[in-house]
$ cat structure-v2.cif   # mmCIF, C-alpha atoms
data_run
loop_
_atom_site.group_PDB
_atom_site.id
_atom_site.type_symbol
_atom_site.label_atom_id
_atom_site.label_comp_id
_atom_site.auth_asym_id
_atom_site.auth_seq_id
_atom_site.Cartn_x
_atom_site.Cartn_y
_atom_site.Cartn_z
ATOM 1 C CA MET A 1 26.695 -36.245 -63.333
ATOM 2 C CA ASN A 2 24.405 -35.853 -60.298
ATOM 3 C CA LYS A 3 20.803 -37.000 -60.746
ATOM 4 C CA LYS A 4 19.695 -34.279 -58.301
ATOM 5 C CA LYS A 5 20.384 -31.751 -61.068
ATOM 6 C CA PHE A 6 17.501 -33.200 -63.019
ATOM 7 C CA PHE A 7 14.798 -33.826 -60.477
ATOM 8 C CA GLY A 8 12.858 -31.623 -58.101
ATOM 9 C CA THR A 9 9.992 -32.694 -55.949
ATOM 10 C CA LEU A 10 6.785 -32.552 -57.958
ATOM 11 C CA ALA A 11 3.892 -30.870 -56.235
ATOM 12 C CA ILE A 12 1.391 -33.591 -57.089
ATOM 13 C CA ALA A 13 0.448 -34.245 -53.480
ATOM 14 C CA ALA A 14 -0.903 -30.712 -53.279
ATOM 15 C CA MET A 15 -3.282 -31.432 -56.153
ATOM 16 C CA ALA A 16 -4.626 -34.492 -54.386
ATOM 17 C CA THR A 17 -5.362 -32.256 -51.418
ATOM 18 C CA LEU A 18 -7.187 -29.848 -53.744
ATOM 19 C CA ALA A 19 -9.246 -32.636 -55.215
ATOM 20 C CA PHE A 20 -10.689 -33.353 -51.749
ATOM 21 C CA SER A 21 -10.685 -29.850 -50.238
ATOM 22 C CA SER A 22 -13.815 -28.558 -51.919
ATOM 23 C CA CYS A 23 -16.459 -31.048 -50.595
ATOM 24 C CA ASN A 24 -15.274 -34.604 -50.126
ATOM 25 C CA LYS A 25 -16.597 -35.248 -46.561
ATOM 26 C CA GLN A 26 -16.372 -38.652 -44.921
ATOM 27 C CA ASN A 27 -19.403 -38.532 -42.633
ATOM 28 C CA GLU A 28 -22.432 -39.672 -44.636
ATOM 29 C CA GLN A 29 -24.825 -40.058 -41.684
ATOM 30 C CA VAL A 30 -27.746 -37.679 -41.706
ATOM 31 C CA GLU A 31 -29.739 -36.626 -38.681
ATOM 32 C CA LYS A 32 -33.468 -37.223 -38.959
ATOM 33 C CA LYS A 33 -35.228 -33.899 -39.065
ATOM 34 C CA SER A 34 -38.772 -32.819 -39.654
ATOM 35 C CA GLU A 35 -39.730 -32.467 -43.316
ATOM 36 C CA THR A 36 -40.606 -28.836 -42.816
ATOM 37 C CA ALA A 37 -38.714 -26.846 -40.210
ATOM 38 C CA PRO A 38 -40.742 -24.722 -37.781
ATOM 39 C CA LYS A 39 -40.926 -21.050 -38.531
ATOM 40 C CA SER A 40 -39.032 -19.456 -35.651
ATOM 41 C CA GLU A 41 -38.840 -15.768 -34.977
ATOM 42 C CA VAL A 42 -36.965 -13.455 -32.644
ATOM 43 C CA GLY A 43 -39.237 -10.476 -32.277
ATOM 44 C CA SER A 44 -39.858 -9.304 -35.841
ATOM 45 C CA LEU A 45 -36.620 -10.884 -37.115
ATOM 46 C CA LYS A 46 -37.175 -14.244 -38.798
ATOM 47 C CA ILE A 47 -34.012 -16.368 -38.795
ATOM 48 C CA ALA A 48 -32.969 -19.761 -40.149
ATOM 49 C CA TYR A 49 -29.723 -21.648 -40.619
ATOM 50 C CA VAL A 50 -28.373 -24.392 -42.866
ATOM 51 C CA GLU A 51 -25.825 -27.072 -41.929
ATOM 52 C CA VAL A 52 -22.989 -26.723 -44.457
ATOM 53 C CA ASP A 53 -21.690 -30.257 -43.831
ATOM 54 C CA SER A 54 -25.070 -31.693 -44.773
ATOM 55 C CA ILE A 55 -25.047 -29.810 -48.072
ATOM 56 C CA MET A 56 -21.552 -31.114 -48.800
ATOM 57 C CA THR A 57 -22.499 -34.740 -48.130
ATOM 58 C CA GLN A 58 -26.077 -34.769 -49.463
ATOM 59 C CA TYR A 59 -26.244 -32.269 -52.333
ATOM 60 C CA LYS A 60 -25.867 -34.287 -55.544
ATOM 61 C CA PHE A 61 -24.050 -31.444 -57.316
ATOM 62 C CA CYS A 62 -21.335 -31.516 -54.673
ATOM 63 C CA LYS A 63 -21.062 -35.302 -54.767
ATOM 64 C CA ASP A 64 -20.809 -35.409 -58.559
ATOM 65 C CA TYR A 65 -18.188 -32.695 -58.872
ATOM 66 C CA SER A 66 -16.180 -34.075 -55.970
ATOM 67 C CA LEU A 67 -15.787 -37.300 -57.966
ATOM 68 C CA ILE A 68 -14.925 -35.358 -61.134
ATOM 69 C CA LEU A 69 -12.217 -33.365 -59.351
ATOM 70 C CA GLN A 70 -10.882 -36.472 -57.662
ATOM 71 C CA LYS A 71 -10.574 -38.223 -61.029
ATOM 72 C CA LYS A 72 -8.851 -35.190 -62.542
ATOM 73 C CA GLY A 73 -6.363 -35.093 -59.685
ATOM 74 C CA GLN A 74 -5.596 -38.771 -60.096
ATOM 75 C CA ASN A 75 -5.119 -38.368 -63.863
ATOM 76 C CA ILE A 76 -2.704 -35.501 -63.303
ATOM 77 C CA GLN A 77 -0.734 -37.502 -60.746
ATOM 78 C CA SER A 78 -0.557 -40.476 -63.105
ATOM 79 C CA THR A 79 0.594 -38.324 -66.031
ATOM 80 C CA LEU A 80 3.340 -36.593 -64.068
ATOM 81 C CA ALA A 81 4.526 -39.772 -62.359
ATOM 82 C CA SER A 82 4.808 -41.582 -65.710
ATOM 83 C CA LYS A 83 6.841 -38.792 -67.284
ATOM 84 C CA GLN A 84 9.073 -38.493 -64.229
ATOM 85 C CA GLN A 85 9.804 -42.221 -64.236
ATOM 86 C CA ALA A 86 10.707 -42.099 -67.934
ATOM 87 C CA LEU A 87 13.054 -39.188 -67.312
ATOM 88 C CA GLN A 88 14.691 -40.942 -64.355
ATOM 89 C CA ALA A 89 15.257 -44.042 -66.468
ATOM 90 C CA ALA A 90 16.819 -41.981 -69.266
ATOM 91 C CA ALA A 91 19.097 -40.174 -66.798
ATOM 92 C CA ALA A 92 20.187 -43.446 -65.178
ATOM 93 C CA ASN A 93 20.943 -44.949 -68.592
ATOM 94 C CA PHE A 94 22.930 -41.877 -69.557
ATOM 95 C CA GLN A 95 25.022 -42.007 -66.392
ATOM 96 C CA GLN A 96 25.752 -45.692 -66.903
ATOM 97 C CA LYS A 97 26.966 -45.115 -70.457
ATOM 98 C CA VAL A 98 29.044 -42.121 -69.411
ATOM 99 C CA GLN A 99 30.817 -44.333 -66.873
ATOM 100 C CA GLN A 100 31.401 -46.855 -69.665
ATOM 101 C CA ASN A 101 32.848 -44.098 -71.879
ATOM 102 C CA ALA A 102 30.194 -44.888 -74.484
ATOM 103 C CA TYR A 103 29.919 -41.232 -75.590
ATOM 104 C CA THR A 104 32.263 -38.618 -76.873
ATOM 105 C CA ARG A 105 32.382 -35.398 -74.894
ATOM 106 C CA GLU A 106 30.175 -33.663 -77.453
ATOM 107 C CA GLN A 107 27.627 -36.500 -77.399
ATOM 108 C CA ALA A 108 27.506 -36.528 -73.603
ATOM 109 C CA GLU A 109 26.979 -32.770 -73.451
ATOM 110 C CA ALA A 110 24.174 -32.956 -76.031
ATOM 111 C CA ILE A 111 22.395 -35.767 -74.187
ATOM 112 C CA GLN A 112 22.808 -33.988 -70.859
ATOM 113 C CA ALA A 113 21.320 -30.821 -72.323
ATOM 114 C CA GLY A 114 18.408 -32.851 -73.668
ATOM 115 C CA LEU A 115 17.759 -34.400 -70.262
ATOM 116 C CA GLN A 116 17.851 -30.988 -68.626
ATOM 117 C CA LYS A 117 15.331 -29.689 -71.149
ATOM 118 C CA GLN A 118 13.044 -32.687 -70.496
ATOM 119 C CA ASN A 119 13.220 -31.956 -66.776
ATOM 120 C CA ALA A 120 12.400 -28.291 -67.349
ATOM 121 C CA ASP A 121 9.498 -29.299 -69.604
ATOM 122 C CA LEU A 122 8.221 -31.664 -66.914
ATOM 123 C CA GLN A 123 8.289 -28.915 -64.303
ATOM 124 C CA MET A 124 6.408 -26.623 -66.682
ATOM 125 C CA LEU A 125 3.815 -29.339 -67.310
ATOM 126 C CA ASN A 126 3.425 -29.826 -63.587
ATOM 127 C CA GLN A 127 2.827 -26.108 -63.109
ATOM 128 C CA ARG A 128 0.388 -25.905 -66.016
ATOM 129 C CA LEU A 129 -1.699 -28.856 -64.855
ATOM 130 C CA SER A 130 -1.656 -27.555 -61.286
ATOM 131 C CA ASN A 131 -2.913 -24.167 -62.459
ATOM 132 C CA GLU A 132 -5.609 -25.752 -64.625
ATOM 133 C CA PHE A 133 -6.747 -27.887 -61.702
ATOM 134 C CA GLN A 134 -6.875 -24.851 -59.420
ATOM 135 C CA VAL A 135 -8.965 -22.940 -61.974
ATOM 136 C CA GLU A 136 -11.332 -25.919 -62.293
ATOM 137 C CA THR A 137 -11.682 -26.153 -58.516
ATOM 138 C CA GLU A 138 -12.425 -22.436 -58.212
ATOM 139 C CA LYS A 139 -14.951 -22.742 -61.044
ATOM 140 C CA TYR A 140 -16.699 -25.542 -59.174
ATOM 141 C CA ASN A 141 -16.718 -23.615 -55.893
ATOM 142 C CA SER A 142 -18.198 -20.597 -57.638
ATOM 143 C CA ALA A 143 -20.894 -22.722 -59.299
ATOM 144 C CA LEU A 144 -21.707 -24.321 -55.936
ATOM 145 C CA ARG A 145 -22.119 -20.945 -54.235
ATOM 146 C CA ASP A 146 -24.229 -19.622 -57.110
ATOM 147 C CA SER A 147 -26.552 -22.624 -57.084
ATOM 148 C CA ILE A 148 -27.152 -22.299 -53.334
ATOM 149 C CA ARG A 149 -27.737 -18.551 -53.524
ATOM 150 C CA HIS A 150 -30.101 -18.917 -56.466
ATOM 151 C CA PHE A 151 -32.109 -21.582 -54.681
ATOM 152 C CA LEU A 152 -32.313 -19.577 -51.440
ATOM 153 C CA ASN A 153 -33.497 -16.507 -53.339
ATOM 154 C CA GLU A 154 -36.377 -18.534 -54.762
ATOM 155 C CA TYR A 155 -36.990 -20.433 -51.543
ATOM 156 C CA ASN A 156 -37.189 -17.259 -49.490
ATOM 157 C CA LYS A 157 -39.848 -15.650 -51.671
ATOM 158 C CA ASP A 158 -42.383 -17.668 -49.703
ATOM 159 C CA LYS A 159 -40.527 -18.246 -46.444
ATOM 160 C CA LYS A 160 -39.675 -14.573 -45.898
ATOM 161 C CA TYR A 161 -36.655 -15.119 -43.661
ATOM 162 C CA SER A 162 -34.746 -12.011 -42.621
ATOM 163 C CA LEU A 163 -31.519 -13.987 -42.236
ATOM 164 C CA ILE A 164 -30.408 -17.423 -43.438
ATOM 165 C CA LEU A 165 -27.111 -18.349 -41.822
ATOM 166 C CA SER A 166 -24.611 -21.052 -42.696
ATOM 167 C CA LYS A 167 -23.572 -23.298 -39.820
ATOM 168 C CA ALA A 168 -20.196 -24.996 -40.199
ATOM 169 C CA GLY A 169 -18.223 -26.411 -37.301
ATOM 170 C CA ASP A 170 -18.435 -24.056 -34.340
ATOM 171 C CA ASN A 171 -18.926 -20.804 -36.253
ATOM 172 C CA LEU A 172 -22.305 -20.682 -34.495
ATOM 173 C CA LEU A 173 -21.723 -21.484 -30.844
ATOM 174 C CA TYR A 174 -25.392 -22.298 -30.309
ATOM 175 C CA ALA A 175 -28.331 -22.719 -32.671
ATOM 176 C CA ASP A 176 -31.796 -23.919 -31.751
ATOM 177 C CA LYS A 177 -32.924 -26.799 -33.977
ATOM 178 C CA ALA A 178 -36.183 -24.942 -34.514
ATOM 179 C CA PHE A 179 -34.240 -22.610 -36.812
ATOM 180 C CA ASP A 180 -32.775 -25.454 -38.883
ATOM 181 C CA ILE A 181 -33.998 -25.543 -42.501
ATOM 182 C CA THR A 182 -31.252 -27.854 -43.796
ATOM 183 C CA ASN A 183 -33.604 -30.636 -44.880
ATOM 184 C CA ASP A 184 -35.734 -28.232 -46.902
ATOM 185 C CA VAL A 185 -32.696 -26.698 -48.570
ATOM 186 C CA VAL A 186 -30.983 -30.001 -49.421
ATOM 187 C CA ALA A 187 -34.222 -31.453 -50.802
ATOM 188 C CA GLY A 188 -34.849 -28.324 -52.862
ATOM 189 C CA LEU A 189 -31.293 -28.189 -54.209
ATOM 190 C CA ASN A 190 -31.411 -31.829 -55.277
ATOM 191 C CA LYS A 191 -34.800 -31.382 -56.914
ATOM 192 C CA ALA A 192 -33.501 -28.457 -58.968
ATOM 193 C CA TYR A 193 -30.168 -30.068 -59.809
ATOM 194 C CA LYS A 194 -29.671 -31.288 -63.364
ATOM 195 C CA PRO A 195 -26.349 -33.154 -63.731
ATOM 196 C CA ALA A 196 -24.031 -31.691 -66.358
ATOM 197 C CA LYS A 197 -21.838 -33.678 -68.724
ATOM 198 C CA ALA A 198 -18.648 -34.801 -67.025
ATOM 199 C CA LEU A 199 -15.683 -32.575 -67.717
ATOM 200 C CA GLU A 200 -12.916 -33.771 -70.015
ATOM 201 C CA THR A 201 -9.851 -35.339 -68.471
ATOM 202 C CA PRO A 202 -6.662 -33.234 -68.389
ATOM 203 C CA LYS A 203 -4.502 -33.292 -71.495
ATOM 204 C CA LYS A 204 -1.291 -35.249 -71.221
#

$ encode --input "structure-v2.cif" --output "structure tokens"
Amino acid sequence: MNKKKFFGTLAIAAMATLAFSSCNKQNEQVEKKSETAPKSEVGSLKIAYVEVDSIMTQYKFCKDYSLILQKKGQNIQSTLASKQQALQAAAANFQQKVQQNAYTREQAEAIQAGLQKQNADLQMLNQRLSNEFQVETEKYNSALRDSIRHFLNEYNKDKKYSLILSKAGDNLLYADKAFDITNDVVAGLNKAYKPAKALETPKK
């Protein structure tokens, strides 16, 4: 019997990528900016922008949930790897005993069917945990967007900006620092943030 019949490549590496894709940035250095950004205007249009990378690295909500998602991804990987190793060991033991003629034909067929079912169950578990992780990641991203929008709605009641843009990478080819309100926004987000209870770990 060929072991390749039992094992497919588990998509656990993809989940690790998900765990970091939302907001796990490596650069923790923060540029020193004025506590209150100047109010800059173009004619009657009042504009400001926020550095997205700074929110991702400095907003406590993003930091906390990045760690939660990372832990969930690691737990999923550990669960799947453990079950896969157990199945591989069982398949190897079965093959060895088949070669030793330790089973009748009926026994061998029953054990083979059981191993195939375990493999199918493992693939289903992998898919279920992957889907649950994706839902959790989307839930986090939605909560992150909502928290920023809610804060900016309150923030702008006094500031009266016509436009508040997000600056990420080179999506804005040029932006005068006078329009930068990142420090204000990050400070305000962190002040309003109340950490929630950590989410439960995935079921095994």

$ resolve_selection --input "structure-v2.cif" --expression "the PyMOL selection byres ((chain A and resi 58) around 10)" --output "JSON, numbers by chain"
{"A": [25, 28, 29, 30, 52, 53, 54, 55, 56, 57, 59, 60, 61, 62, 63, 183, 186, 187, 189, 190]}

$ resolve_selection --input "structure-v2.cif" --expression "the PyMOL selection byres ((chain A and resi 168-174) around 8)" --output "list in words"
Glu51, Val52, Asp53, Ser166, Lys167, Ala175 and Asp176 of chain A

$ closest_residue --input "structure-v2.cif" --among "A:Lys117, A:Lys72, A:Arg145, A:Lys46" --to "Ser130 of chain A" --atoms "all atoms listed in the file"
A:Lys72

$ resolve_selection --input "structure-v2.cif" --expression "the PyMOL selection byres ((chain A and resi 90) around 12)" --output "JSON, numbers by chain"
{"A": [3, 6, 83, 84, 85, 86, 87, 88, 89, 91, 92, 93, 94, 95, 96, 97, 111, 112, 114, 115, 116, 118, 119]}

$ axis_aligned_box --input "structure-v2.cif" --around "segment 57-75 of chain A" --padding-each-side "4 Å" --output "AutoDock Vina command-line options"
--center_x -15.7 --center_y -35.1 --center_z -56.0 --size_x 29.1 --size_y 15.3 --size_z 23.7

$ atom_distance --input "structure-v2.cif" --atom1 "atom CA of Ala113 of chain A" --atom2 "atom CA of Ile76 of chain A"
26.1 Å

$ atom_distance --input "structure-v2.cif" --atom1 "atom CA of Ala196 of chain A" --atom2 "atom CA of Thr137 of chain A"
15.6 Å

$ closest_residue --input "structure-v2.cif" --among "A:Leu125, A:Ala110, A:Ala102, A:Ile181" --to "Lys159 of chain A" --atoms "all atoms listed in the file"
A:Ile181

$ atom_distance --input "structure-v2.cif" --atom1 "atom CA of Asp180 of chain A" --atom2 "atom CA of Ala48 of chain A"
5.8 Å

$ closest_residue --input "structure-v2.cif" --among "A:Ala178, A:Leu163, A:Leu129, A:Ala108" --to "Ser44 of chain A" --atoms "all atoms listed in the file"
A:Leu163

$ closest_residue --input "structure-v2.cif" --among "A:Gln107, A:Gln123, A:Ser66, A:Gln100" --to "Ala81 of chain A" --atoms "all atoms listed in the file"
A:Gln123

$ decode --input "structure-v2.cif" --residues "segment 88-155 of chain A" --atoms "C-alpha atoms" --output "PDB file, in the first residue's frame"
ATOM      1  CA  GLN A  88       1.632   8.556   9.558  1.00  0.00           C
ATOM      2  CA  ALA A  89       2.789   6.323  12.397  1.00  0.00           C
ATOM      3  CA  ALA A  90      -0.368   4.202  12.159  1.00  0.00           C
ATOM      4  CA  ALA A  91       0.025   3.865   8.381  1.00  0.00           C
ATOM      5  CA  ALA A  92       3.692   2.885   8.699  1.00  0.00           C
ATOM      6  CA  ASN A  93       2.826   0.279  11.333  1.00  0.00           C
ATOM      7  CA  PHE A  94       0.072  -1.098   9.134  1.00  0.00           C
ATOM      8  CA  GLN A  95       2.378  -1.432   6.137  1.00  0.00           C
ATOM      9  CA  GLN A  96       5.002  -3.202   8.223  1.00  0.00           C
ATOM     10  CA  LYS A  97       2.487  -5.747   9.502  1.00  0.00           C
ATOM     11  CA  VAL A  98       1.053  -6.284   6.033  1.00  0.00           C
ATOM     12  CA  GLN A  99       4.548  -7.154   4.805  1.00  0.00           C
ATOM     13  CA  GLN A 100       4.837  -9.576   7.729  1.00  0.00           C
ATOM     14  CA  ASN A 101       1.491 -11.155   6.777  1.00  0.00           C
ATOM     15  CA  ALA A 102       0.182 -10.310  10.245  1.00  0.00           C
ATOM     16  CA  TYR A 103      -3.372  -9.687   8.961  1.00  0.00           C
ATOM     17  CA  THR A 104      -5.927 -11.629   7.043  1.00  0.00           C
ATOM     18  CA  ARG A 105      -7.182 -10.010   3.865  1.00  0.00           C
ATOM     19  CA  GLU A 106     -10.369  -8.899   5.607  1.00  0.00           C
ATOM     20  CA  GLN A 107      -8.427  -7.412   8.534  1.00  0.00           C
ATOM     21  CA  ALA A 108      -6.063  -5.546   6.220  1.00  0.00           C
ATOM     22  CA  GLU A 109      -8.944  -4.098   4.213  1.00  0.00           C
ATOM     23  CA  ALA A 110     -10.723  -2.964   7.392  1.00  0.00           C
ATOM     24  CA  ILE A 111      -7.602  -1.289   8.780  1.00  0.00           C
ATOM     25  CA  GLN A 112      -6.868   0.352   5.436  1.00  0.00           C
ATOM     26  CA  ALA A 113     -10.404   1.717   5.286  1.00  0.00           C
ATOM     27  CA  GLY A 114      -9.999   3.061   8.813  1.00  0.00           C
ATOM     28  CA  LEU A 115      -6.757   4.816   7.900  1.00  0.00           C
ATOM     29  CA  GLN A 116      -8.377   6.346   4.840  1.00  0.00           C
ATOM     30  CA  LYS A 117     -11.240   7.632   6.974  1.00  0.00           C
ATOM     31  CA  GLN A 118      -8.772   9.136   9.482  1.00  0.00           C
ATOM     32  CA  ASN A 119      -7.009  10.902   6.622  1.00  0.00           C
ATOM     33  CA  ALA A 120     -10.301  12.238   5.277  1.00  0.00           C
ATOM     34  CA  ASP A 121     -11.253  13.402   8.779  1.00  0.00           C
ATOM     35  CA  LEU A 122      -7.894  15.155   9.115  1.00  0.00           C
ATOM     36  CA  GLN A 123      -8.398  16.996   5.838  1.00  0.00           C
ATOM     37  CA  MET A 124     -11.868  18.052   6.976  1.00  0.00           C
ATOM     38  CA  LEU A 125     -10.449  19.289  10.285  1.00  0.00           C
ATOM     39  CA  ASN A 126      -7.805  21.235   8.422  1.00  0.00           C
ATOM     40  CA  GLN A 127     -10.460  22.886   6.269  1.00  0.00           C
ATOM     41  CA  ARG A 128     -12.701  23.653   9.241  1.00  0.00           C
ATOM     42  CA  LEU A 129      -9.932  25.236  11.299  1.00  0.00           C
ATOM     43  CA  SER A 130      -8.720  27.186   8.271  1.00  0.00           C
ATOM     44  CA  ASN A 131     -12.220  28.545   7.690  1.00  0.00           C
ATOM     45  CA  GLU A 132     -12.645  29.433  11.365  1.00  0.00           C
ATOM     46  CA  PHE A 133      -9.305  31.234  11.349  1.00  0.00           C
ATOM     47  CA  GLN A 134     -10.257  33.157   8.213  1.00  0.00           C
ATOM     48  CA  VAL A 135     -13.565  34.216   9.790  1.00  0.00           C
ATOM     49  CA  GLU A 136     -11.724  35.339  12.941  1.00  0.00           C
ATOM     50  CA  THR A 137      -9.238  37.339  10.877  1.00  0.00           C
ATOM     51  CA  GLU A 138     -12.017  39.033   8.909  1.00  0.00           C
ATOM     52  CA  LYS A 139     -13.828  39.782  12.173  1.00  0.00           C
ATOM     53  CA  TYR A 140     -10.695  41.445  13.522  1.00  0.00           C
ATOM     54  CA  ASN A 141     -10.155  43.468  10.344  1.00  0.00           C
ATOM     55  CA  SER A 142     -13.749  44.658  10.454  1.00  0.00           C
ATOM     56  CA  ALA A 143     -13.441  45.648  14.124  1.00  0.00           C
ATOM     57  CA  LEU A 144     -10.207  47.511  13.352  1.00  0.00           C
ATOM     58  CA  ARG A 145     -11.816  49.489  10.531  1.00  0.00           C
ATOM     59  CA  ASP A 146     -14.869  50.269  12.662  1.00  0.00           C
ATOM     60  CA  SER A 147     -12.791  51.510  15.586  1.00  0.00           C
ATOM     61  CA  ILE A 148     -10.784  53.849  13.343  1.00  0.00           C
ATOM     62  CA  ARG A 149     -13.876  55.184  11.588  1.00  0.00           C
ATOM     63  CA  HIS A 150     -15.690  55.730  14.872  1.00  0.00           C
ATOM     64  CA  PHE A 151     -12.745  57.608  16.330  1.00  0.00           C
ATOM     65  CA  LEU A 152     -12.311  59.788  13.228  1.00  0.00           C
ATOM     66  CA  ASN A 153     -16.007  60.669  13.252  1.00  0.00           C
ATOM     67  CA  GLU A 154     -15.649  61.950  16.809  1.00  0.00           C
ATOM     68  CA  TYR A 155     -12.248  63.501  16.199  1.00  0.00           C
TER      69      TYR A 155
END
